[in-house]
Each structure stands twice: as C-alpha cells, then as structure tokens.
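**Q** Starting off with a structure, shown below.
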Amino acid sequence: MRKIFLLTLLACCMLLGAVAQAAQITDVKWGVNKADVLRIVVDVTDTAGYAVDMEGDTLNLTVNADKGAQVPHSKAVKSSLADSLKIVDKGSYTVVRVPLKQRLLEKSYKAFVLKKDPATGRPFRVVLDVTPRQASYSGSGAATTVVSNRPVVSNRPTKTNSSIKKNTVIKTSTAADKKADKKKSSSKKKNDNKKNTAAAKTEITVNKPVNKSDTDKLAVIKGNGRFRTSGGLDGKIITLDAGHGGSDPGAIGSDGTKEKNITLPITKMLKEILEDKGAKVYMTRTTDVDVFGPNASDAEELQARVNVGEKYNSDMFVSLHINSSVNKNIGGFSTYYYPKTDNDLRLAKNIQNKLAANFGVDDLGVRQANFYVIKRISMPAVLVEMCFISNEKELTLMKGQWFQKKTARLIAEGIEKYFA
C-alpha cells in the first residue's frame, strides 16, 4: 500500500511539474517594410501574456515566457528607429528592449498576437509594430498603442511575399448570378477561374516563407469594386463579421466566457436593426463555426470572411470583436480602419463617436491598423473592439442583454449616420 501511495505521489508531482512549465521564447526576429515600420516578432512555445511600455527613449515589450537558451542577448537592427534590440531574461518573464534613435509620436506603436497555426507550422507569436515619425498617419486616426493578450484570427496583419504566385480568383456580378442553382454557379466559377488566374495575385499573412501549395488553394473572390457611401441605409448592402468562432474561441475571460460567444449575438442584433432600417445584411457566420472550415490556415479563414463581403458586392464590411489585455485595468471601445478608400476613416469615426458618447467606459479612439479583413477587402471596412474581456467590470457588462443590445444599436446609429 505504501508503495502505491509513493508511486501516486510521484505521478502527481510529475503532472504538476508539467503544468507549471512556463512558455518559452524560441526566437526574436525583426523586419522593416517599405513604409519603414519596424516589426518585432517573438516566437513562443505556448500562449503567453505581454505588455508594452516606454521607459525614457527605450520601448519595452514584456512577454510572460522564459528566454530560450538559443535566443541571443542582443540583435543588430537596420532601421531608422533603432540599431539594436536587447533580449533580457528576467526569470519568469522576458523583456525585449528597443533603444530608439528618434522620439516617437504619441501612440505610434502597436502590439498584438498571432495564434499558433498547426497547418503552417507557425508558433504562437507576439508582434510589435513601431511606426517612425515620417511614416505616421497624419490624420486623427494615427496608429495608437494597443496592449493586448489575445490569439486573434480576424485581426491578421498582412505582409506581401514576393514569392507568392498566382492563385484562384472568383468573379461575382449580378443578382441573377447569385440566384442561379449551385451546379450552374459552380460551373461559372470554374470558368471564371481559368479566365482570371493569369492576372491574379494576393497578399496573405506571412511571418516566414509560405509554401506555394498553401497559396495555390486560397480562393479569392473579387466583387465589382463599386460601393455606395451616401443616400441613407435603405437598400444598402452590408456584411457583418462576428469575430472568431468554431475552433477559435478568441479571447477568454476569467470566468471562461469566450469572445466568439459575445460577438455573435451582438452581430445578430445589429443585423436585425439594420434590416429594419431597409439595409440588406449578410453575415460571415450565423452559428459557432469556422467560416472557411475546420483545420484552415490563418489566411484561408480570414480570406473566407473577406470573400463574403466581396461575393455580395457589399457597400460596407464591419467586423466585431472583444479586446483583451494583461493589464486588467485597461478598458473601453476602439474602432480600427485601414485607409484604402476615402471613406474607411469616416466610417470608423461615425461608429466610434456613437459608442464613446453613450457608455461610461474609456474612449480609446479611432486607430489605423493593417488587419487582414479590413485591408484586403475592397469596400470601406472597420473592426470594432467592444470593450475588454480581461476587465472584470466590462466582462460583466458584455455578458448582459443590456450591453449587447445597446452596443448593436449604437453601431447601427453610427452606420446610419455614415450613409446620411
């Protein structure tokens, strides 16, 4: 009996040791794009929290993970912003320090995470983008600081990979085509594929070279490129994207509440309100599912959401999300846009102004970001972060019908003002 007890105790200790094993940083990489934006990517073996702060002229990215032995203590950087970065092991966490060569404009750095993607072999990543003064957006919607701790799916930044070859493009046109039976539609799409493949290219999310086979199977729907921006809501076509879903829960609250289960009911309420005002509304998902399907890569899932907006030649695309942070005191609404048209910023402002003026939470403002779904879609688009699931007060609020209905109503009012 004593032997059995000792064996059981040993097994429990081994199990506790495995559970207690901290996430580990396996690599720290950097890159600079054509706009001279410095991107720092931290590869981690498992989900890890993080925070960003300024310490004098040094920008600090703190990641709640151990520094792997193979990770160097410093790296040389070729950027107008910095010449080097330091990786400091603090025991239970690691700090990536970036000594800056120029003083940043207020709110000119942004952090986010990318979830582990088994299909492409990419690990969980913490990403920090730093925008130099000369590359900063000059309007009121300049990129701002975001401290987050969420494995996002619909918030995927894009990066061009010159090695990406041609991939399938599916054209959509008239309403009659949309009403055709499935066999005819499938046949038409195949014919369109052959006609348009020669001219087709796309940008997808990549943090390292993407296999050609992955991009070849990525179906990209192209709408007619026309959208309406005035004249009232009646008759307007709007696509709503309920963030996350299916295998991706999004951010998770302290009580186990999942982001995907908050975004969906609010999106459904918003759809009903807009339809009552005469709009034609489509949703990327109406149930708890992956839009592309199970085991999709990041690019496939995100492009599938974009495809819905393009398929119906929408006048507007609105993606709804819940934010999260390792700092439980951070809260409030924020609205993101990408300036690909003259109307994205105007749409973001109209929605954010309605939310900010009617809730007793912080106004985090309108922010520019290159999130996949708002950058890769042709019509004006925004991504709305409806408070923080990591903030206990806001977590309680967002689970209630009052918050969900009011949020949906105010977003609808912002959209209606945009079309006025």
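By convention here, the chains of the structure tokens are called A, B, ... in the order presented, each chain's residues are numbered starting at 1, and ligands are numbered starting at 1 in the order presented.
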List every residue of range 233-397 of chain A that DSSP, applied to the backbone of this structure, places in strand (DSSP E), and write the result as number ranges by chain.

**A** A: 237-242, 280-283, 316-323, 333-337, 363-368, 381-388

**Q** Can you write just those residues out, C-alpha atoms, as a PDB file, in the first residue's frame?

**A**
ATOM      1  CA  ILE A 237     -25.663  46.030 -48.745  1.00  0.00           C
ATOM      2  CA  ILE A 238     -23.730  45.421 -45.521  1.00  0.00           C
ATOM      3  CA  THR A 239     -21.636  42.432 -44.483  1.00  0.00           C
ATOM      4  CA  LEU A 240     -21.172  41.810 -40.759  1.00  0.00           C
ATOM      5  CA  ASP A 241     -18.348  39.651 -39.406  1.00  0.00           C
ATOM      6  CA  ALA A 242     -18.774  38.098 -35.948  1.00  0.00           C
ATOM      7  CA  LYS A 280     -29.667  44.151 -46.959  1.00  0.00           C
ATOM      8  CA  VAL A 281     -27.396  42.402 -44.454  1.00  0.00           C
ATOM      9  CA  TYR A 282     -25.184  39.327 -44.765  1.00  0.00           C
ATOM     10  CA  MET A 283     -23.134  37.645 -42.036  1.00  0.00           C
ATOM     11  CA  MET A 316     -19.634  48.184 -46.185  1.00  0.00           C
ATOM     12  CA  PHE A 317     -17.886  45.496 -44.082  1.00  0.00           C
ATOM     13  CA  VAL A 318     -17.993  45.613 -40.266  1.00  0.00           C
ATOM     14  CA  SER A 319     -16.065  43.122 -38.085  1.00  0.00           C
ATOM     15  CA  LEU A 320     -16.978  42.888 -34.387  1.00  0.00           C
ATOM     16  CA  HIS A 321     -14.516  41.802 -31.690  1.00  0.00           C
ATOM     17  CA  ILE A 322     -13.827  41.936 -27.953  1.00  0.00           C
ATOM     18  CA  ASN A 323     -10.432  43.169 -26.763  1.00  0.00           C
ATOM     19  CA  PHE A 333     -14.119  50.904 -27.057  1.00  0.00           C
ATOM     20  CA  SER A 334     -11.864  51.345 -30.085  1.00  0.00           C
ATOM     21  CA  THR A 335     -12.503  51.222 -33.825  1.00  0.00           C
ATOM     22  CA  TYR A 336      -9.880  50.265 -36.411  1.00  0.00           C
ATOM     23  CA  TYR A 337      -9.677  51.111 -40.099  1.00  0.00           C
ATOM     24  CA  ASP A 363     -12.860  56.075 -25.356  1.00  0.00           C
ATOM     25  CA  LEU A 364      -9.736  54.506 -26.884  1.00  0.00           C
ATOM     26  CA  GLY A 365     -10.399  56.265 -30.156  1.00  0.00           C
ATOM     27  CA  VAL A 366     -10.122  55.553 -33.855  1.00  0.00           C
ATOM     28  CA  ARG A 367      -6.963  53.710 -34.850  1.00  0.00           C
ATOM     29  CA  GLN A 368      -5.280  52.789 -38.087  1.00  0.00           C
ATOM     30  CA  ALA A 381     -14.441  48.474 -43.610  1.00  0.00           C
ATOM     31  CA  VAL A 382     -13.876  48.739 -39.868  1.00  0.00           C
ATOM     32  CA  LEU A 383     -13.038  46.414 -36.995  1.00  0.00           C
ATOM     33  CA  VAL A 384     -14.742  47.372 -33.724  1.00  0.00           C
ATOM     34  CA  GLU A 385     -13.290  46.283 -30.360  1.00  0.00           C
ATOM     35  CA  MET A 386     -16.272  46.266 -27.984  1.00  0.00           C
ATOM     36  CA  CYS A 387     -14.554  46.672 -24.594  1.00  0.00           C
ATOM     37  CA  PHE A 388     -12.158  44.288 -22.808  1.00  0.00           C
TER      38      PHE A 388
END

**Q** Near Thr131 in chain A, within 9 Å and counting only C-alpha atoms, which residues show up once chain neighbours fewer than 6 positions away are dropped, as a PDB file with N, CA and C atoms, in the first residue's frame?

**A**
ATOM      1  N   ALA A  35       7.356  51.214 -45.726  1.00  0.00           N
ATOM      2  CA  ALA A  35       6.995  52.450 -45.022  1.00  0.00           C
ATOM      3  C   ALA A  35       7.912  52.689 -43.823  1.00  0.00           C
ATOM      4  N   ASP A  36       8.951  51.849 -43.692  1.00  0.00           N
ATOM      5  CA  ASP A  36       9.939  51.962 -42.618  1.00  0.00           C
ATOM      6  C   ASP A  36       9.350  51.632 -41.254  1.00  0.00           C
ATOM      7  N   VAL A  37       8.261  50.865 -41.229  1.00  0.00           N
ATOM      8  CA  VAL A  37       7.687  50.407 -39.962  1.00  0.00           C
ATOM      9  C   VAL A  37       8.504  49.215 -39.470  1.00  0.00           C
ATOM     10  N   LEU A  38       8.986  49.304 -38.256  1.00  0.00           N
ATOM     11  CA  LEU A  38       9.785  48.238 -37.662  1.00  0.00           C
ATOM     12  C   LEU A  38       8.858  47.220 -37.016  1.00  0.00           C
ATOM     13  N   ARG A  39       8.982  45.957 -37.398  1.00  0.00           N
ATOM     14  CA  ARG A  39       8.190  44.886 -36.799  1.00  0.00           C
ATOM     15  C   ARG A  39       9.106  43.943 -36.041  1.00  0.00           C
ATOM     16  N   LEU A  81      14.621  53.638 -36.803  1.00  0.00           N
ATOM     17  CA  LEU A  81      14.145  53.721 -35.434  1.00  0.00           C
ATOM     18  C   LEU A  81      15.152  53.212 -34.409  1.00  0.00           C
ATOM     19  N   LEU A 104       9.339  58.997 -30.589  1.00  0.00           N
ATOM     20  CA  LEU A 104       8.126  58.596 -31.289  1.00  0.00           C
ATOM     21  C   LEU A 104       7.014  59.598 -31.075  1.00  0.00           C
ATOM     22  N   LEU A 105       6.139  59.691 -32.063  1.00  0.00           N
ATOM     23  CA  LEU A 105       4.912  60.436 -31.866  1.00  0.00           C
ATOM     24  C   LEU A 105       4.065  59.677 -30.854  1.00  0.00           C
ATOM     25  N   SER A 108       2.210  55.626 -31.303  1.00  0.00           N
ATOM     26  CA  SER A 108       2.701  55.198 -32.619  1.00  0.00           C
ATOM     27  C   SER A 108       3.292  53.797 -32.615  1.00  0.00           C
ATOM     28  N   TYR A 109       2.938  52.981 -31.614  1.00  0.00           N
ATOM     29  CA  TYR A 109       3.356  51.588 -31.625  1.00  0.00           C
ATOM     30  C   TYR A 109       2.154  50.722 -31.239  1.00  0.00           C
ATOM     31  N   LYS A 110       2.162  49.512 -31.732  1.00  0.00           N
ATOM     32  CA  LYS A 110       1.009  48.629 -31.558  1.00  0.00           C
ATOM     33  C   LYS A 110       1.484  47.197 -31.379  1.00  0.00           C
ATOM     34  N   ALA A 143      -2.048  55.493 -35.921  1.00  0.00           N
ATOM     35  CA  ALA A 143      -1.918  54.238 -35.185  1.00  0.00           C
ATOM     36  C   ALA A 143      -1.609  54.538 -33.735  1.00  0.00           C
TER      37      ALA A 143
END

**Q** Within 8 Å of Val291 in chain A, counting only C-alpha atoms, which residues show up once you throw out same-chain ones fewer than 2 positions away? Write them as a ChimeraX atom specification, please.

**A** /A:245,284-285,289,293,301,304-305

**Q** Which one of A:Leu233, A:Ser92, A:Ser325, A:Tyr418 sits closest to Phe112 in chain A if you count only C-alpha atoms?

**A**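 Answer, going by the shortest atom-to-atom distance: A:Ser325.
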
**Q** Quick one: residues within 10 Å of Val42 in chain A, only C-alpha atoms, excluding same-chain residues fewer than 3 positions away - as a PyMOL selection string?

**A** chain A and resi 25-30+61+63+96+113+123-128

**Q** Name the closest residue to Gly56 in chain A among the candidates A:Lys101, A:Lys78, A:Arg376, A:Lys393; distances are taken between atoms, counting only C-alpha atoms.

**A**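 Of the candidates, the smallest distance to Gly56 in chain A is held by A:Lys101.
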
**Q** For a quick check of understanding, using only C-alpha atoms, which of A:Asp315, A:Glu394, A:Glu416, A:Asp89 has the smallest distance to Asp344 in chain A?

**A**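 Distance minimum relative to Asp344 in chain A lands on A:Asp315.
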
**Q** I'd like the neighbourhood of Lys406 in chain A as a PDB file with all heavy atoms, in the first residue's frame, where a residue qualifies if any of its atoms comes within 12 Å (using only C-alpha atoms), though same-chain residues fewer than 2 positions away should be ignored.

**A**
ATOM      1  N   ILE A 266     -24.286  39.888 -30.597  1.00  0.00           N
ATOM      2  CA  ILE A 266     -24.307  41.325 -30.907  1.00  0.00           C
ATOM      3  C   ILE A 266     -24.428  41.531 -32.414  1.00  0.00           C
ATOM      4  O   ILE A 266     -25.162  42.409 -32.881  1.00  0.00           O
ATOM      5  CB  ILE A 266     -23.042  42.024 -30.366  1.00  0.00           C
ATOM      6  CG1 ILE A 266     -23.017  41.964 -28.838  1.00  0.00           C
ATOM      7  CG2 ILE A 266     -22.991  43.482 -30.831  1.00  0.00           C
ATOM      8  CD1 ILE A 266     -21.778  42.555 -28.210  1.00  0.00           C
ATOM      9  N   THR A 267     -23.720  40.713 -33.184  1.00  0.00           N
ATOM     10  CA  THR A 267     -23.789  40.809 -34.650  1.00  0.00           C
ATOM     11  C   THR A 267     -25.193  40.511 -35.148  1.00  0.00           C
ATOM     12  O   THR A 267     -25.703  41.184 -36.054  1.00  0.00           O
ATOM     13  CB  THR A 267     -22.772  39.854 -35.302  1.00  0.00           C
ATOM     14  OG1 THR A 267     -21.469  40.108 -34.768  1.00  0.00           O
ATOM     15  CG2 THR A 267     -22.735  40.034 -36.810  1.00  0.00           C
ATOM     16  N   MET A 269     -27.986  40.937 -33.464  1.00  0.00           N
ATOM     17  CA  MET A 269     -28.832  42.080 -33.094  1.00  0.00           C
ATOM     18  C   MET A 269     -28.619  43.245 -34.053  1.00  0.00           C
ATOM     19  O   MET A 269     -29.578  43.904 -34.474  1.00  0.00           O
ATOM     20  CB  MET A 269     -28.506  42.522 -31.663  1.00  0.00           C
ATOM     21  CG  MET A 269     -28.872  41.524 -30.589  1.00  0.00           C
ATOM     22  SD  MET A 269     -28.299  42.070 -28.955  1.00  0.00           S
ATOM     23  CE  MET A 269     -28.585  40.591 -27.980  1.00  0.00           C
ATOM     24  N   LEU A 270     -27.365  43.490 -34.398  1.00  0.00           N
ATOM     25  CA  LEU A 270     -27.043  44.571 -35.334  1.00  0.00           C
ATOM     26  C   LEU A 270     -27.676  44.308 -36.692  1.00  0.00           C
ATOM     27  O   LEU A 270     -28.218  45.223 -37.329  1.00  0.00           O
ATOM     28  CB  LEU A 270     -25.526  44.705 -35.458  1.00  0.00           C
ATOM     29  CG  LEU A 270     -24.995  45.732 -36.461  1.00  0.00           C
ATOM     30  CD1 LEU A 270     -25.540  47.126 -36.151  1.00  0.00           C
ATOM     31  CD2 LEU A 270     -23.467  45.747 -36.443  1.00  0.00           C
ATOM     32  N   ILE A 273     -31.409  45.174 -36.577  1.00  0.00           N
ATOM     33  CA  ILE A 273     -31.644  46.628 -36.548  1.00  0.00           C
ATOM     34  C   ILE A 273     -31.449  47.238 -37.935  1.00  0.00           C
ATOM     35  O   ILE A 273     -32.260  48.041 -38.404  1.00  0.00           O
ATOM     36  CB  ILE A 273     -30.700  47.301 -35.535  1.00  0.00           C
ATOM     37  CG1 ILE A 273     -31.014  46.828 -34.121  1.00  0.00           C
ATOM     38  CG2 ILE A 273     -30.818  48.830 -35.630  1.00  0.00           C
ATOM     39  CD1 ILE A 273     -29.995  47.263 -33.081  1.00  0.00           C
ATOM     40  N   LYS A 354     -20.337  57.348 -31.704  1.00  0.00           N
ATOM     41  CA  LYS A 354     -21.593  56.896 -31.100  1.00  0.00           C
ATOM     42  C   LYS A 354     -21.318  56.061 -29.848  1.00  0.00           C
ATOM     43  O   LYS A 354     -21.964  56.239 -28.802  1.00  0.00           O
ATOM     44  CB  LYS A 354     -22.413  56.086 -32.103  1.00  0.00           C
ATOM     45  CG  LYS A 354     -23.073  56.917 -33.177  1.00  0.00           C
ATOM     46  CD  LYS A 354     -24.204  57.766 -32.593  1.00  0.00           C
ATOM     47  CE  LYS A 354     -24.923  58.564 -33.670  1.00  0.00           C
ATOM     48  NZ  LYS A 354     -26.035  59.358 -33.104  1.00  0.00           N
ATOM     49  N   LEU A 355     -20.365  55.137 -29.934  1.00  0.00           N
ATOM     50  CA  LEU A 355     -20.047  54.265 -28.801  1.00  0.00           C
ATOM     51  C   LEU A 355     -19.447  55.066 -27.648  1.00  0.00           C
ATOM     52  O   LEU A 355     -19.804  54.873 -26.484  1.00  0.00           O
ATOM     53  CB  LEU A 355     -19.069  53.179 -29.238  1.00  0.00           C
ATOM     54  CG  LEU A 355     -19.604  52.121 -30.217  1.00  0.00           C
ATOM     55  CD1 LEU A 355     -18.469  51.267 -30.745  1.00  0.00           C
ATOM     56  CD2 LEU A 355     -20.659  51.256 -29.543  1.00  0.00           C
ATOM     57  N   ASN A 358     -21.880  57.325 -25.423  1.00  0.00           N
ATOM     58  CA  ASN A 358     -23.056  56.752 -24.782  1.00  0.00           C
ATOM     59  C   ASN A 358     -22.770  55.615 -23.813  1.00  0.00           C
ATOM     60  O   ASN A 358     -23.691  54.923 -23.375  1.00  0.00           O
ATOM     61  CB  ASN A 358     -24.030  56.259 -25.858  1.00  0.00           C
ATOM     62  CG  ASN A 358     -24.641  57.391 -26.652  1.00  0.00           C
ATOM     63  OD1 ASN A 358     -25.607  58.017 -26.209  1.00  0.00           O
ATOM     64  ND2 ASN A 358     -24.070  57.668 -27.817  1.00  0.00           N
ATOM     65  N   PHE A 359     -21.502  55.383 -23.479  1.00  0.00           N
ATOM     66  CA  PHE A 359     -21.139  54.370 -22.490  1.00  0.00           C
ATOM     67  C   PHE A 359     -20.217  55.006 -21.456  1.00  0.00           C
ATOM     68  O   PHE A 359     -19.417  55.886 -21.766  1.00  0.00           O
ATOM     69  CB  PHE A 359     -20.401  53.198 -23.149  1.00  0.00           C
ATOM     70  CG  PHE A 359     -21.304  52.101 -23.631  1.00  0.00           C
ATOM     71  CD1 PHE A 359     -21.616  51.969 -24.974  1.00  0.00           C
ATOM     72  CD2 PHE A 359     -21.837  51.175 -22.739  1.00  0.00           C
ATOM     73  CE1 PHE A 359     -22.435  50.951 -25.428  1.00  0.00           C
ATOM     74  CE2 PHE A 359     -22.663  50.155 -23.185  1.00  0.00           C
ATOM     75  CZ  PHE A 359     -22.961  50.041 -24.528  1.00  0.00           C
ATOM     76  N   MET A 386     -15.171  45.889 -28.878  1.00  0.00           N
ATOM     77  CA  MET A 386     -16.272  46.266 -27.984  1.00  0.00           C
ATOM     78  C   MET A 386     -15.906  45.974 -26.530  1.00  0.00           C
ATOM     79  O   MET A 386     -16.402  45.016 -25.939  1.00  0.00           O
ATOM     80  CB  MET A 386     -17.545  45.541 -28.403  1.00  0.00           C
ATOM     81  CG  MET A 386     -17.918  45.761 -29.874  1.00  0.00           C
ATOM     82  SD  MET A 386     -19.335  44.786 -30.413  1.00  0.00           S
ATOM     83  CE  MET A 386     -18.651  43.106 -30.355  1.00  0.00           C
ATOM     84  N   LEU A 397     -20.448  43.427 -17.891  1.00  0.00           N
ATOM     85  CA  LEU A 397     -21.326  44.190 -18.764  1.00  0.00           C
ATOM     86  C   LEU A 397     -21.640  43.445 -20.053  1.00  0.00           C
ATOM     87  O   LEU A 397     -22.798  43.317 -20.452  1.00  0.00           O
ATOM     88  CB  LEU A 397     -20.686  45.536 -19.097  1.00  0.00           C
ATOM     89  CG  LEU A 397     -20.746  46.653 -18.060  1.00  0.00           C
ATOM     90  CD1 LEU A 397     -19.941  47.845 -18.546  1.00  0.00           C
ATOM     91  CD2 LEU A 397     -22.195  47.066 -17.803  1.00  0.00           C
ATOM     92  N   MET A 398     -20.590  42.966 -20.720  1.00  0.00           N
ATOM     93  CA  MET A 398     -20.770  42.400 -22.065  1.00  0.00           C
ATOM     94  C   MET A 398     -21.565  41.105 -22.079  1.00  0.00           C
ATOM     95  O   MET A 398     -22.087  40.709 -23.124  1.00  0.00           O
ATOM     96  CB  MET A 398     -19.417  42.210 -22.759  1.00  0.00           C
ATOM     97  CG  MET A 398     -18.513  41.173 -22.134  1.00  0.00           C
ATOM     98  SD  MET A 398     -16.923  41.018 -22.995  1.00  0.00           S
ATOM     99  CE  MET A 398     -16.181  42.626 -22.743  1.00  0.00           C
ATOM    100  N   GLY A 400     -24.310  40.786 -20.468  1.00  0.00           N
ATOM    101  CA  GLY A 400     -25.714  41.149 -20.285  1.00  0.00           C
ATOM    102  C   GLY A 400     -26.403  41.599 -21.560  1.00  0.00           C
ATOM    103  O   GLY A 400     -25.777  42.163 -22.467  1.00  0.00           O
ATOM    104  N   GLN A 401     -27.701  41.363 -21.622  1.00  0.00           N
ATOM    105  CA  GLN A 401     -28.502  41.762 -22.784  1.00  0.00           C
ATOM    106  C   GLN A 401     -28.495  43.274 -22.976  1.00  0.00           C
ATOM    107  O   GLN A 401     -28.498  43.761 -24.102  1.00  0.00           O
ATOM    108  CB  GLN A 401     -29.939  41.276 -22.599  1.00  0.00           C
ATOM    109  CG  GLN A 401     -30.136  39.787 -22.841  1.00  0.00           C
ATOM    110  CD  GLN A 401     -30.207  39.458 -24.317  1.00  0.00           C
ATOM    111  OE1 GLN A 401     -30.978  40.051 -25.065  1.00  0.00           O
ATOM    112  NE2 GLN A 401     -29.396  38.514 -24.755  1.00  0.00           N
ATOM    113  N   TRP A 402     -28.472  44.026 -21.888  1.00  0.00           N
ATOM    114  CA  TRP A 402     -28.484  45.488 -21.976  1.00  0.00           C
ATOM    115  C   TRP A 402     -27.282  45.980 -22.762  1.00  0.00           C
ATOM    116  O   TRP A 402     -27.422  46.791 -23.686  1.00  0.00           O
ATOM    117  CB  TRP A 402     -28.468  46.085 -20.577  1.00  0.00           C
ATOM    118  CG  TRP A 402     -28.313  47.583 -20.569  1.00  0.00           C
ATOM    119  CD1 TRP A 402     -29.305  48.507 -20.721  1.00  0.00           C
ATOM    120  CD2 TRP A 402     -27.095  48.322 -20.427  1.00  0.00           C
ATOM    121  NE1 TRP A 402     -28.786  49.784 -20.678  1.00  0.00           N
ATOM    122  CE2 TRP A 402     -27.430  49.703 -20.501  1.00  0.00           C
ATOM    123  CE3 TRP A 402     -25.763  47.958 -20.235  1.00  0.00           C
ATOM    124  CZ2 TRP A 402     -26.469  50.700 -20.388  1.00  0.00           C
ATOM    125  CZ3 TRP A 402     -24.808  48.953 -20.126  1.00  0.00           C
ATOM    126  CH2 TRP A 402     -25.160  50.310 -20.196  1.00  0.00           C
ATOM    127  N   PHE A 403     -26.100  45.506 -22.411  1.00  0.00           N
ATOM    128  CA  PHE A 403     -24.883  45.926 -23.104  1.00  0.00           C
ATOM    129  C   PHE A 403     -24.925  45.509 -24.572  1.00  0.00           C
ATOM    130  O   PHE A 403     -24.603  46.303 -25.466  1.00  0.00           O
ATOM    131  CB  PHE A 403     -23.656  45.308 -22.430  1.00  0.00           C
ATOM    132  CG  PHE A 403     -22.351  45.574 -23.146  1.00  0.00           C
ATOM    133  CD1 PHE A 403     -21.554  46.672 -22.814  1.00  0.00           C
ATOM    134  CD2 PHE A 403     -21.906  44.735 -24.167  1.00  0.00           C
ATOM    135  CE1 PHE A 403     -20.359  46.922 -23.472  1.00  0.00           C
ATOM    136  CE2 PHE A 403     -20.712  44.969 -24.831  1.00  0.00           C
ATOM    137  CZ  PHE A 403     -19.939  46.074 -24.480  1.00  0.00           C
ATOM    138  N   GLN A 404     -25.300  44.275 -24.827  1.00  0.00           N
ATOM    139  CA  GLN A 404     -25.290  43.753 -26.186  1.00  0.00           C
ATOM    140  C   GLN A 404     -26.269  44.505 -27.084  1.00  0.00           C
ATOM    141  O   GLN A 404     -25.940  44.876 -28.218  1.00  0.00           O
ATOM    142  CB  GLN A 404     -25.594  42.255 -26.172  1.00  0.00           C
ATOM    143  CG  GLN A 404     -24.517  41.425 -25.468  1.00  0.00           C
ATOM    144  CD  GLN A 404     -24.816  39.944 -25.442  1.00  0.00           C
ATOM    145  OE1 GLN A 404     -25.743  39.468 -26.107  1.00  0.00           O
ATOM    146  NE2 GLN A 404     -24.049  39.198 -24.677  1.00  0.00           N
ATOM    147  N   ALA A 408     -25.139  47.115 -30.146  1.00  0.00           N
ATOM    148  CA  ALA A 408     -25.654  46.893 -31.501  1.00  0.00           C
ATOM    149  C   ALA A 408     -26.387  48.138 -32.001  1.00  0.00           C
ATOM    150  O   ALA A 408     -26.215  48.563 -33.153  1.00  0.00           O
ATOM    151  CB  ALA A 408     -26.577  45.679 -31.518  1.00  0.00           C
ATOM    152  N   ARG A 409     -27.202  48.730 -31.144  1.00  0.00           N
ATOM    153  CA  ARG A 409     -27.979  49.923 -31.536  1.00  0.00           C
ATOM    154  C   ARG A 409     -27.066  51.097 -31.880  1.00  0.00           C
ATOM    155  O   ARG A 409     -27.277  51.802 -32.875  1.00  0.00           O
ATOM    156  CB  ARG A 409     -28.946  50.307 -30.419  1.00  0.00           C
ATOM    157  CG  ARG A 409     -29.704  51.598 -30.685  1.00  0.00           C
ATOM    158  CD  ARG A 409     -30.739  51.877 -29.612  1.00  0.00           C
ATOM    159  NE  ARG A 409     -30.155  52.015 -28.286  1.00  0.00           N
ATOM    160  CZ  ARG A 409     -29.573  53.119 -27.825  1.00  0.00           C
ATOM    161  NH1 ARG A 409     -29.487  54.192 -28.615  1.00  0.00           N
ATOM    162  NH2 ARG A 409     -29.083  53.166 -26.604  1.00  0.00           N
ATOM    163  N   LEU A 410     -26.029  51.314 -31.067  1.00  0.00           N
ATOM    164  CA  LEU A 410     -25.146  52.449 -31.297  1.00  0.00           C
ATOM    165  C   LEU A 410     -24.293  52.263 -32.551  1.00  0.00           C
ATOM    166  O   LEU A 410     -24.041  53.213 -33.295  1.00  0.00           O
ATOM    167  CB  LEU A 410     -24.251  52.662 -30.076  1.00  0.00           C
ATOM    168  CG  LEU A 410     -24.978  53.144 -28.809  1.00  0.00           C
ATOM    169  CD1 LEU A 410     -24.034  53.144 -27.623  1.00  0.00           C
ATOM    170  CD2 LEU A 410     -25.572  54.531 -29.029  1.00  0.00           C
ATOM    171  N   ILE A 411     -23.850  51.044 -32.795  1.00  0.00           N
ATOM    172  CA  ILE A 411     -23.101  50.784 -34.033  1.00  0.00           C
ATOM    173  C   ILE A 411     -24.005  51.034 -35.233  1.00  0.00           C
ATOM    174  O   ILE A 411     -23.588  51.620 -36.244  1.00  0.00           O
ATOM    175  CB  ILE A 411     -22.541  49.347 -34.049  1.00  0.00           C
ATOM    176  CG1 ILE A 411     -21.473  49.185 -32.957  1.00  0.00           C
ATOM    177  CG2 ILE A 411     -21.938  49.007 -35.421  1.00  0.00           C
ATOM    178  CD1 ILE A 411     -20.963  47.768 -32.801  1.00  0.00           C
ATOM    179  N   ALA A 412     -25.260  50.596 -35.126  1.00  0.00           N
ATOM    180  CA  ALA A 412     -26.225  50.832 -36.208  1.00  0.00           C
ATOM    181  C   ALA A 412     -26.423  52.324 -36.436  1.00  0.00           C
ATOM    182  O   ALA A 412     -26.515  52.791 -37.581  1.00  0.00           O
ATOM    183  CB  ALA A 412     -27.553  50.151 -35.877  1.00  0.00           C
ATOM    184  N   GLU A 413     -26.482  53.100 -35.354  1.00  0.00           N
ATOM    185  CA  GLU A 413     -26.657  54.544 -35.487  1.00  0.00           C
ATOM    186  C   GLU A 413     -25.448  55.177 -36.163  1.00  0.00           C
ATOM    187  O   GLU A 413     -25.577  56.113 -36.975  1.00  0.00           O
ATOM    188  CB  GLU A 413     -26.875  55.177 -34.109  1.00  0.00           C
ATOM    189  CG  GLU A 413     -28.242  54.839 -33.513  1.00  0.00           C
ATOM    190  CD  GLU A 413     -28.432  55.431 -32.125  1.00  0.00           C
ATOM    191  OE1 GLU A 413     -27.520  56.163 -31.664  1.00  0.00           O
ATOM    192  OE2 GLU A 413     -29.469  55.154 -31.495  1.00  0.00           O
TER     193      GLU A 413
END

**Q** One decimal, Å: what's the distance from CA of Gln102 in chain A over to CA of Lys86 in chain A, could you say?

**A**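 So the answer is 17.2 Å.
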
**Q** Would you list, as number ranges by chain, the residues of range 292-394 of chain A that end up in helix (DSSP H, G or I) under DSSP run on this structure's backbone?

**A** A: 298-311, 344-358, 372-375, 392-394
